[in-house]
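S.K.: Pasting a structure below so you can have a look.
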Amino acid sequence: MKGLTRGIWEEVFFRGILLALLTKIYGLRGAVLWSSAVFAVVHLKTGDLSPVAIVDIVSIFFMALLFTFVVLRTGSLLPAIVFHYVHDVFVNLVQNAPGANEGTAAALLYAFLWMALVAGGFLTVWVVRRWPNAASAGP
């Protein structure tokens, strides 16, 4: 499970520390966009501006928006850490599937990943809306 704990530290840094710092500078909306953009750019492989890399960066930007939504809505990093971990496990399994680097298989992989991103977005919103937060917990 090499590299799967990286998501924990990414959530602590990007949604915990960086988001809080950027909110003081840019306000919440700007901080969400900037922290998500930085998160995506950090995942860019040095010098790789291929179409596949661009699709990766756009996908990662939208994942960052989802993770940020989870943190802001729940007031906790824990759900985002769990979603991030599950996402990383899924991506590792799919990317290491036999034939994942061949042309047609790669196109199908990206189509499946985008469908999973959309489905994951709806699932995330559904879970977060049912997550108890401080405002609804009462005294």
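Just remember, in the structure tokens the first chain shown is A, the second B, etc., residues are 1-based per chain, and ligands are 1-based in the order shown.
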List the neighbours of A:Phe122 out to 12 Å using only C-alpha atoms; skip same-chain residues closer than 6 positions along the sequence, and give me the result as a list in words.

M.R.: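 Non-adjacent residues within range: Leu66, Phe69, Val70, Met115, Ala116, Val128 and Arg129 of chain A.
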
S.K.: Could those residues be written to a file, using N, CA and C atoms, as a compact mmCIF listing (two decimals), in the first residue's frame?

M.R.:
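Saved as out.txt:
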```
# COMPACT_ATOMS: atom_id res chain seq x y z
N LEU A 66 -14.15 18.73 -4.30
CA LEU A 66 -15.00 17.82 -3.53
C LEU A 66 -14.48 17.64 -2.10
N PHE A 69 -15.19 20.75 -0.16
CA PHE A 69 -16.61 20.80 0.19
C PHE A 69 -16.89 19.93 1.41
N VAL A 70 -16.32 18.73 1.43
CA VAL A 70 -16.52 17.82 2.55
C VAL A 70 -16.02 18.45 3.84
N MET A 115 -16.51 9.08 -14.89
CA MET A 115 -17.83 8.65 -14.41
C MET A 115 -17.79 8.42 -12.90
N ALA A 116 -16.68 7.83 -12.43
CA ALA A 116 -16.52 7.60 -10.99
C ALA A 116 -16.41 8.93 -10.25
N VAL A 128 -22.38 14.04 2.94
CA VAL A 128 -22.11 15.27 3.69
C VAL A 128 -23.40 15.91 4.18
N ARG A 129 -24.45 15.85 3.38
CA ARG A 129 -25.73 16.43 3.81
C ARG A 129 -26.31 15.69 5.01
```

S.K.: Here is a test: counting only C-alpha atoms, which residue of A:Leu19, A:Val82, A:Ala119, A:Ala40 is nearest to A:Ser59?

M.R.: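 With only C-alpha atoms as the atom set, the closest residue is A:Ala40.
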
S.K.: Atom CA of A:Met63 and atom CA of A:Phe112 are how many Å apart?

M.R.: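 A separation of 14.8 Å between them.
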
S.K.: Just want the 12 Å neighbourhood of stretch 42-49 of chain A, counted on only C-alpha atoms, with same-chain residues fewer than 3 positions away dropped. Output as a PyMOL selection string.

M.R.: chain A and resi 6-7+10+14+35-39+52-61+63-64

S.K.: Output N, CA and C atoms of each residue in that selection to a file, as a tab-separated table (two decimals), in the first residue's frame.

M.R.:
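Ended up saving to selection25.tsv:
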```tsv
chain	number	residue	atom	x	y	z
A	6	ARG	N	-0.18	9.08	1.94
A	6	ARG	CA	0.11	10.44	1.47
A	6	ARG	C	-1.13	11.31	1.52
A	7	GLY	N	-2.30	10.74	1.25
A	7	GLY	CA	-3.56	11.48	1.26
A	7	GLY	C	-3.87	12.09	2.62
A	10	GLU	N	-1.76	15.16	2.76
A	10	GLU	CA	-2.26	16.14	1.79
A	10	GLU	C	-3.51	16.83	2.33
A	14	PHE	N	-3.43	20.73	2.69
A	14	PHE	CA	-4.21	21.52	1.73
A	14	PHE	C	-5.56	21.97	2.29
A	35	SER	N	-6.50	26.95	-3.28
A	35	SER	CA	-5.96	25.73	-2.66
A	35	SER	C	-6.20	24.51	-3.55
A	36	SER	N	-7.34	24.48	-4.24
A	36	SER	CA	-7.62	23.37	-5.16
A	36	SER	C	-6.69	23.41	-6.37
A	37	ALA	N	-6.43	24.61	-6.87
A	37	ALA	CA	-5.52	24.76	-8.01
A	37	ALA	C	-4.09	24.36	-7.62
A	38	VAL	N	-3.65	24.79	-6.47
A	38	VAL	CA	-2.30	24.42	-6.01
A	38	VAL	C	-2.21	22.91	-5.81
A	39	PHE	N	-3.25	22.32	-5.23
A	39	PHE	CA	-3.30	20.88	-5.03
A	39	PHE	C	-3.14	20.16	-6.38
A	52	VAL	N	-2.97	13.63	-21.58
A	52	VAL	CA	-3.29	12.77	-20.44
A	52	VAL	C	-2.97	13.50	-19.13
A	53	ALA	N	-1.85	14.20	-19.08
A	53	ALA	CA	-1.47	14.94	-17.86
A	53	ALA	C	-2.46	16.07	-17.59
A	54	ILE	N	-2.93	16.73	-18.64
A	54	ILE	CA	-3.91	17.82	-18.47
A	54	ILE	C	-5.23	17.27	-17.93
A	55	VAL	N	-5.66	16.11	-18.46
A	55	VAL	CA	-6.88	15.48	-17.95
A	55	VAL	C	-6.69	15.12	-16.48
A	56	ASP	N	-5.51	14.61	-16.12
A	56	ASP	CA	-5.21	14.29	-14.72
A	56	ASP	C	-5.34	15.53	-13.84
A	57	ILE	N	-4.76	16.63	-14.26
A	57	ILE	CA	-4.76	17.85	-13.46
A	57	ILE	C	-6.19	18.38	-13.29
A	58	VAL	N	-6.97	18.37	-14.36
A	58	VAL	CA	-8.36	18.83	-14.26
A	58	VAL	C	-9.14	17.92	-13.31
A	59	SER	N	-8.93	16.61	-13.43
A	59	SER	CA	-9.60	15.65	-12.54
A	59	SER	C	-9.22	15.90	-11.09
A	60	ILE	N	-7.94	16.12	-10.86
A	60	ILE	CA	-7.45	16.35	-9.49
A	60	ILE	C	-8.00	17.66	-8.94
A	61	PHE	N	-8.13	18.68	-9.78
A	61	PHE	CA	-8.72	19.94	-9.33
A	61	PHE	C	-10.15	19.72	-8.83
A	63	MET	N	-11.46	16.89	-7.81
A	63	MET	CA	-11.39	16.10	-6.58
A	63	MET	C	-11.09	17.01	-5.39
A	64	ALA	N	-10.18	17.95	-5.59
A	64	ALA	CA	-9.84	18.90	-4.51
A	64	ALA	C	-11.06	19.72	-4.11
```
